[in-house]
Amino acid sequence: MTRTSRSFRTAAVAAVAALGLFATACGGDGDTSDSASDGKPVTLEYWTWTLGAKSTVEAFNRTHKDIKVEFTEIPSGTEGYSKLANAVKAGNAPDVATIEYQMVPEFASQGNLIDLTEYAGDTVKSKFPESIQSLVTFGGKTWTVPYDVAPQLYYYRTDLFKKYGIQVPKTWDEFRTAASKVKKEDDDVRLASMPKSDPALLAALSWQAGGTWFATEGDAWKPGVNDAETKKVAAYWDGLIKDDLVQTFTGWSPEETKARASGKTLSFLGASWSAGGMKTSMPDLSGKWAAAPMPNWGTAASGNYGGTSYGVLKGSDHAEAAAEFITWLTTDKAGVEARLADLESPSSALPANPEMREVAAARFDTAYLNGQDLYALASEQVDTIVPGWTWGPNQMDVYTAVQDATAKSGFAAGVEAGQEKAESGITQRGLKLAK
């Protein structure tokens with residue numbers, strides 16, 4: 001058991017009572033048995049935004065005759081989750097969808113997910129570390145199956161760091177010093193960009209700093225989106241922006257990519273999954289990037305920036321077949337290899353199943369990072385993820401509030417708006433708010 005296991009497990013158990021999870025979430029109402037009496041394969045609809053999905057589905061369909069998977073790409077973030085939730089309400093949701101860990105409690109409590117205990121409970125218990133199990137299992141029920149973990153990583157241009165005489169910052173104080181030096185050397189260049197459009201990144205940075213956006217007290221929720229640690233993180237980035245030491249490109253925008261590719265942005269804050277897309281978005285910079293641990297506040301630490309699992313959505317008539325597809329995706333060597341084999345959309349996701357990490361590492365093209373063992377680095381960072389973080393029952397609304405307010409008035413305003421939305425959302429859902 002890792003040092004994070006006990007804290008995650010305790011938080012998950014405590015959250016069950018506060019969430020009112022099983023009083024409100026009954027999962028799928030219909031018949032989830034699979035029927036192919038006409039001799040035709042069961043057809044599954046699969047929605048995701050993740051890299052490598054197309055090649056994964058193609059590989060599955062080539063090797064499975066009784067199940068056919070049809071893939072649809074959806075946006076990531078709040079837009080994608082809104083699309084999934086609306087599809088459930090409309091009765092046309094996919095069978096399988098990617099659900100990030102922060103959204104599992106919310107989707108389960110809203111009744112958007114089918115209880116997978118019967119179909120995948122044993123797989124989750126036997127194939128994944130306890131700290132990861134607790135992110136998808138509440139009250140003894142398995143709601144999704146883990147795919148990856150996403151410890152934060154810091155990516156930087158080795159050639160340009162050398163040009164400007166910059167050492168890789170190990171702390172956030174060193175990061176600010178390096179940012180000041182870069183601006184002084186060339187006013188058209190910045191050390192990094194901090195997008196105001198990515199509340200998940202702010203959450204990860206707050207997590208790293210020791211913040212806890214949600215906690216439970218008995219059967220009540222206690223939001224802490226504006227806790228002291230998060231305020232420190234928000235003030236830090238607001239200060240860097242005010243002093244014009246970092247850019248604020250919209251995350252994953254053409255402008256952001258162009259700045260990195262042209263050398264106007266020397267580094268970026270990412271996670272284990274970030275490396276896969278670099279090869280396609282910046283193909284001419286092979287061998288010029290490297291990864292390092294995220295700068296910290298004085299002690300080695302990381303937040304979990306994303307991390308995905310797979311769930312079966314309410315309304316699916318094929319839970320058993322969906323579970324078979326999900327099990328193949330997450331624990332089968334062929335499934336992991338297929339996700340990394342897509343040259344058009346390569347993936348560098350770090351499997352949550354430890355047995356699959358060597359499989360993923362063997363398939364990942366290390367040439368882009370000049371031979372660096374990305375998977376060894378990322379695996380080391382998993383053990384630095386700060387324990388005790390809990391996701392809330394209205395996470396999507398909180399993210400939207402943080403994003404909207406940050407875009408208008410900065411990160412400090414964003415966390416206050418997030419706190420307000422967390423409190424009001426808990427009350428509106430009929431859940432208990434801690435005093």
# chains A, B, ... in the order shown; residues from 1 in each chain; ligands from 1
$ select_by_dssp --residues "stretch 55-211 of chain A" --states "alpha helix (DSSP H)" --output "PyMOL selection string"
chain A and resi 55-63+77-90+104-109+117-127+130-136+158-163+172-185+199-208
$ residues_around --residues "A:Gly418" --least-positions-apart "6" --cutoff "9 Å" --atoms "only C-alpha atoms" --output "tab-separated table (two decimals) with N, CA, C and O atoms, in the first residue's frame"
chain	number	residue	atom	x	y	z
A	225	VAL	N	-12.76	25.47	-1.51
A	225	VAL	CA	-12.18	25.93	-2.77
A	225	VAL	C	-11.34	27.20	-2.55
A	225	VAL	O	-10.39	27.46	-3.28
A	226	ASN	N	-11.69	27.97	-1.52
A	226	ASN	CA	-10.92	29.17	-1.21
A	226	ASN	C	-10.12	29.00	0.07
A	226	ASN	O	-9.92	29.96	0.83
A	397	ASP	N	-19.99	22.22	-11.94
A	397	ASP	CA	-20.45	23.59	-11.74
A	397	ASP	C	-19.38	24.44	-11.07
A	397	ASP	O	-19.23	25.63	-11.38
A	398	VAL	N	-18.65	23.85	-10.16
A	398	VAL	CA	-17.56	24.57	-9.50
A	398	VAL	C	-16.49	24.94	-10.51
A	398	VAL	O	-15.99	26.08	-10.54
A	399	TYR	N	-16.13	23.99	-11.36
A	399	TYR	CA	-15.14	24.28	-12.40
A	399	TYR	C	-15.60	25.44	-13.29
A	399	TYR	O	-14.81	26.33	-13.64
A	400	THR	N	-16.87	25.42	-13.69
A	400	THR	CA	-17.39	26.48	-14.55
A	400	THR	C	-17.32	27.84	-13.86
A	400	THR	O	-16.93	28.84	-14.47
A	401	ALA	N	-17.68	27.87	-12.59
A	401	ALA	CA	-17.64	29.12	-11.83
A	401	ALA	C	-16.22	29.64	-11.71
A	401	ALA	O	-15.96	30.85	-11.87
A	402	VAL	N	-15.29	28.75	-11.41
A	402	VAL	CA	-13.88	29.14	-11.30
A	402	VAL	C	-13.37	29.69	-12.62
A	402	VAL	O	-12.73	30.75	-12.67
A	403	GLN	N	-13.67	28.99	-13.69
A	403	GLN	CA	-13.20	29.39	-15.01
A	403	GLN	C	-13.75	30.75	-15.43
A	403	GLN	O	-13.01	31.62	-15.89
A	405	ALA	N	-15.04	33.25	-13.59
A	405	ALA	CA	-14.57	34.37	-12.76
A	405	ALA	C	-13.09	34.63	-12.98
A	405	ALA	O	-12.65	35.80	-12.98
$ closest_atom_pairs --of "stretch 274-365 of chain A" --to "stretch 41-60 of chain A" --cutoff "10 Å" --atoms "only C-alpha atoms" --output "JSON lines"
{"residue": "A:Gly276", "atom": "CA", "partner": "A:Leu51", "partner_atom": "CA", "distance": 7.9}
{"residue": "A:Gly277", "atom": "CA", "partner": "A:Leu51", "partner_atom": "CA", "distance": 7.8}
{"residue": "A:Thr308", "atom": "CA", "partner": "A:Thr50", "partner_atom": "CA", "distance": 9.1}
{"residue": "A:Tyr310", "atom": "CA", "partner": "A:Thr48", "partner_atom": "CA", "distance": 9.5}
{"residue": "A:Val312", "atom": "CA", "partner": "A:Tyr46", "partner_atom": "CA", "distance": 9.4}
{"residue": "A:Ser316", "atom": "CA", "partner": "A:Leu44", "partner_atom": "CA", "distance": 8.8}
{"residue": "A:Asp317", "atom": "CA", "partner": "A:Leu44", "partner_atom": "CA", "distance": 9.4}
{"residue": "A:His318", "atom": "CA", "partner": "A:Leu44", "partner_atom": "CA", "distance": 7.5}
{"residue": "A:Ala319", "atom": "CA", "partner": "A:Leu44", "partner_atom": "CA", "distance": 9.5}
{"residue": "A:Ala321", "atom": "CA", "partner": "A:Val42", "partner_atom": "CA", "distance": 7.4}
{"residue": "A:Ala322", "atom": "CA", "partner": "A:Leu44", "partner_atom": "CA", "distance": 6.9}
{"residue": "A:Phe325", "atom": "CA", "partner": "A:Phe60", "partner_atom": "CA", "distance": 7.9}
{"residue": "A:Trp328", "atom": "CA", "partner": "A:Phe60", "partner_atom": "CA", "distance": 8.2}
{"residue": "A:Leu329", "atom": "CA", "partner": "A:Thr56", "partner_atom": "CA", "distance": 7.8}
{"residue": "A:Ala334", "atom": "CA", "partner": "A:Ala59", "partner_atom": "CA", "distance": 8.1}
{"residue": "A:Gly335", "atom": "CA", "partner": "A:Thr56", "partner_atom": "CA", "distance": 6.4}
{"residue": "A:Val336", "atom": "CA", "partner": "A:Thr56", "partner_atom": "CA", "distance": 8.1}
{"residue": "A:Glu337", "atom": "CA", "partner": "A:Thr56", "partner_atom": "CA", "distance": 8.3}
{"residue": "A:Ala338", "atom": "CA", "partner": "A:Thr56", "partner_atom": "CA", "distance": 4.8}
{"residue": "A:Arg339", "atom": "CA", "partner": "A:Gly52", "partner_atom": "CA", "distance": 4.6}
{"residue": "A:Leu340", "atom": "CA", "partner": "A:Gly52", "partner_atom": "CA", "distance": 6.2}
{"residue": "A:Ala341", "atom": "CA", "partner": "A:Ser55", "partner_atom": "CA", "distance": 7.0}
{"residue": "A:Asp342", "atom": "CA", "partner": "A:Gly52", "partner_atom": "CA", "distance": 5.4}
{"residue": "A:Leu343", "atom": "CA", "partner": "A:Gly52", "partner_atom": "CA", "distance": 8.3}
{"residue": "A:Glu344", "atom": "CA", "partner": "A:Gly52", "partner_atom": "CA", "distance": 8.0}
{"residue": "A:Ser345", "atom": "CA", "partner": "A:Gly52", "partner_atom": "CA", "distance": 5.2}
{"residue": "A:Pro346", "atom": "CA", "partner": "A:Gly52", "partner_atom": "CA", "distance": 5.6}
{"residue": "A:Ser347", "atom": "CA", "partner": "A:Leu51", "partner_atom": "CA", "distance": 5.4}
{"residue": "A:Ser348", "atom": "CA", "partner": "A:Leu51", "partner_atom": "CA", "distance": 8.7}
{"residue": "A:Ala349", "atom": "CA", "partner": "A:Leu51", "partner_atom": "CA", "distance": 8.9}
$ write_last_selection --atoms "C-alpha atoms" --output "CSV table (one decimal), in the first residue's frame"
chain,number,residue,atom,x,y,z
A,276,GLY,CA,1.9,12.1,-26.3
A,277,GLY,CA,0.4,15.2,-27.9
A,308,THR,CA,-9.3,8.9,-16.3
A,310,TYR,CA,-14.3,4.3,-17.9
A,312,VAL,CA,-21.2,2.6,-18.3
A,316,SER,CA,-27.2,1.2,-21.7
A,317,ASP,CA,-28.7,-2.2,-22.4
A,318,HIS,CA,-25.2,-3.8,-22.7
A,319,ALA,CA,-23.5,-3.4,-19.4
A,321,ALA,CA,-20.4,-6.3,-23.1
A,322,ALA,CA,-19.4,-2.7,-22.1
A,325,PHE,CA,-14.6,-3.7,-23.6
A,328,TRP,CA,-9.7,-5.0,-22.3
A,329,LEU,CA,-9.0,-1.2,-22.4
A,334,ALA,CA,-3.3,-5.5,-26.5
A,335,GLY,CA,-5.5,-2.7,-25.3
A,336,VAL,CA,-2.7,-0.6,-23.8
A,337,GLU,CA,-0.5,-1.2,-26.8
A,338,ALA,CA,-3.3,-0.1,-29.2
A,339,ARG,CA,-3.8,3.2,-27.4
A,340,LEU,CA,-0.1,3.9,-27.8
A,341,ALA,CA,0.1,2.7,-31.3
A,342,ASP,CA,-1.8,5.6,-32.9
A,343,LEU,CA,0.8,7.7,-34.7
A,344,GLU,CA,-1.7,10.4,-35.5
A,345,SER,CA,-2.9,10.7,-31.9
A,346,PRO,CA,-0.2,9.2,-29.7
A,347,SER,CA,-0.8,8.7,-26.0
A,348,SER,CA,1.5,8.8,-23.0
A,349,ALA,CA,-1.0,8.0,-20.3
$ residues_around --residues "stretch 372-376 of chain A" --least-positions-apart "4" --cutoff "7 Å" --atoms "only C-alpha atoms" --output "MDAnalysis selection string"
chainID A and resid 350 361 366 380
$ residues_around --residues "A:Trp143" --least-positions-apart "4" --cutoff "9 Å" --atoms "only C-alpha atoms" --output "VMD selection string"
chain A and resid 104 to 105 108 113 to 117 120 to 121 136 to 138 310 to 312
$ atom_distance --atom1 "atom CA of A:Asn304" --atom2 "atom CA of A:Ala204"
5.7 Å
$ select_by_dssp --residues "stretch 244-355 of chain A" --states "strand (DSSP E)" --output "list in words"
Ser267, Phe268, Leu269, Gly270, Ala271, Trp289, Ala290, Ala291, Ala292, Pro293, Thr308, Ser309, Tyr310, Gly311, Val312, Leu350 and Pro351 of chain A
$ closest_residue --among "A:Ser379, A:Ser76, A:Thr230, A:Asn92" --to "A:Trp207" --atoms "only C-alpha atoms"
A:Thr230
$ atom_distance --atom1 "atom CA of A:Thr142" --atom2 "atom CA of A:Gly307"
16.9 Å
$ atom_distance --atom1 "atom CA of A:Lys231" --atom2 "atom CA of A:Ala417"
12.2 Å
$ closest_residue --among "A:Ala261, A:Val124, A:Leu205, A:Ala434" --to "A:Lys232" --atoms "only C-alpha atoms"
A:Leu205
$ closest_residue --among "A:Lys279, A:Lys333, A:Lys288, A:Lys421" --to "A:Asp159" --atoms "only C-alpha atoms"
A:Lys288
$ residues_around --residues "A:Leu431" --least-positions-apart "2" --cutoff "9 Å" --atoms "only C-alpha atoms" --output "list in words"
Ala18, Leu19, Gly20, Asp219, Ala220, Trp221, Gly425, Ile426, Thr427, Gln428, Arg429 and Leu433 of chain A
$ residues_around --residues "A:Val233" --least-positions-apart "3" --cutoff "12 Å" --atoms "only C-alpha atoms" --output "ChimeraX atom specification"
/A:172,194,201-211,225-230,236-240,296-297,410-412,414-415
$ closest_residue --among "A:Tyr119, A:Trp213, A:Phe249, A:Phe175" --to "A:Ala200" --atoms "only C-alpha atoms"
A:Trp213
$ decode --residues "stretch 389-402 of chain A" --atoms "N, CA, C and O atoms" --output "PDB file, in the first residue's frame"
ATOM      1  N   TRP A 389      -7.067  14.433  -0.670  1.00  0.00           N
ATOM      2  CA  TRP A 389      -7.933  15.228  -1.543  1.00  0.00           C
ATOM      3  C   TRP A 389      -9.260  14.511  -1.777  1.00  0.00           C
ATOM      4  O   TRP A 389      -9.297  13.300  -1.981  1.00  0.00           O
ATOM      5  N   THR A 390     -10.359  15.285  -1.763  1.00  0.00           N
ATOM      6  CA  THR A 390     -11.683  14.752  -2.033  1.00  0.00           C
ATOM      7  C   THR A 390     -12.361  15.592  -3.101  1.00  0.00           C
ATOM      8  O   THR A 390     -12.310  16.821  -3.047  1.00  0.00           O
ATOM      9  N   TRP A 391     -12.977  14.941  -4.066  1.00  0.00           N
ATOM     10  CA  TRP A 391     -13.736  15.650  -5.090  1.00  0.00           C
ATOM     11  C   TRP A 391     -15.166  15.875  -4.626  1.00  0.00           C
ATOM     12  O   TRP A 391     -15.708  15.084  -3.851  1.00  0.00           O
ATOM     13  N   GLY A 392     -15.785  16.945  -5.114  1.00  0.00           N
ATOM     14  CA  GLY A 392     -17.094  17.327  -4.625  1.00  0.00           C
ATOM     15  C   GLY A 392     -18.255  16.792  -5.433  1.00  0.00           C
ATOM     16  O   GLY A 392     -18.085  16.255  -6.527  1.00  0.00           O
ATOM     17  N   PRO A 393     -19.483  16.967  -4.907  1.00  0.00           N
ATOM     18  CA  PRO A 393     -20.676  16.438  -5.561  1.00  0.00           C
ATOM     19  C   PRO A 393     -21.201  17.326  -6.683  1.00  0.00           C
ATOM     20  O   PRO A 393     -22.134  16.935  -7.375  1.00  0.00           O
ATOM     21  N   ASN A 394     -20.624  18.518  -6.840  1.00  0.00           N
ATOM     22  CA  ASN A 394     -21.038  19.421  -7.929  1.00  0.00           C
ATOM     23  C   ASN A 394     -19.796  20.009  -8.607  1.00  0.00           C
ATOM     24  O   ASN A 394     -19.695  21.198  -8.849  1.00  0.00           O
ATOM     25  N   GLN A 395     -18.852  19.107  -8.912  1.00  0.00           N
ATOM     26  CA  GLN A 395     -17.544  19.522  -9.398  1.00  0.00           C
ATOM     27  C   GLN A 395     -17.617  20.282 -10.721  1.00  0.00           C
ATOM     28  O   GLN A 395     -16.890  21.258 -10.934  1.00  0.00           O
ATOM     29  N   MET A 396     -18.477  19.875 -11.622  1.00  0.00           N
ATOM     30  CA  MET A 396     -18.549  20.522 -12.926  1.00  0.00           C
ATOM     31  C   MET A 396     -18.993  21.978 -12.794  1.00  0.00           C
ATOM     32  O   MET A 396     -18.441  22.866 -13.444  1.00  0.00           O
ATOM     33  N   ASP A 397     -19.990  22.221 -11.943  1.00  0.00           N
ATOM     34  CA  ASP A 397     -20.453  23.593 -11.740  1.00  0.00           C
ATOM     35  C   ASP A 397     -19.382  24.443 -11.073  1.00  0.00           C
ATOM     36  O   ASP A 397     -19.229  25.627 -11.382  1.00  0.00           O
ATOM     37  N   VAL A 398     -18.651  23.847 -10.160  1.00  0.00           N
ATOM     38  CA  VAL A 398     -17.561  24.572  -9.499  1.00  0.00           C
ATOM     39  C   VAL A 398     -16.489  24.942 -10.510  1.00  0.00           C
ATOM     40  O   VAL A 398     -15.993  26.078 -10.536  1.00  0.00           O
ATOM     41  N   TYR A 399     -16.133  23.993 -11.358  1.00  0.00           N
ATOM     42  CA  TYR A 399     -15.141  24.284 -12.398  1.00  0.00           C
ATOM     43  C   TYR A 399     -15.596  25.442 -13.295  1.00  0.00           C
ATOM     44  O   TYR A 399     -14.811  26.333 -13.636  1.00  0.00           O
ATOM     45  N   THR A 400     -16.867  25.421 -13.688  1.00  0.00           N
ATOM     46  CA  THR A 400     -17.386  26.476 -14.552  1.00  0.00           C
ATOM     47  C   THR A 400     -17.318  27.836 -13.858  1.00  0.00           C
ATOM     48  O   THR A 400     -16.928  28.840 -14.471  1.00  0.00           O
ATOM     49  N   ALA A 401     -17.683  27.865 -12.586  1.00  0.00           N
ATOM     50  CA  ALA A 401     -17.643  29.117 -11.832  1.00  0.00           C
ATOM     51  C   ALA A 401     -16.223  29.636 -11.706  1.00  0.00           C
ATOM     52  O   ALA A 401     -15.957  30.845 -11.870  1.00  0.00           O
ATOM     53  N   VAL A 402     -15.286  28.746 -11.412  1.00  0.00           N
ATOM     54  CA  VAL A 402     -13.878  29.138 -11.297  1.00  0.00           C
ATOM     55  C   VAL A 402     -13.375  29.691 -12.623  1.00  0.00           C
ATOM     56  O   VAL A 402     -12.727  30.748 -12.673  1.00  0.00           O
TER      57      VAL A 402
END
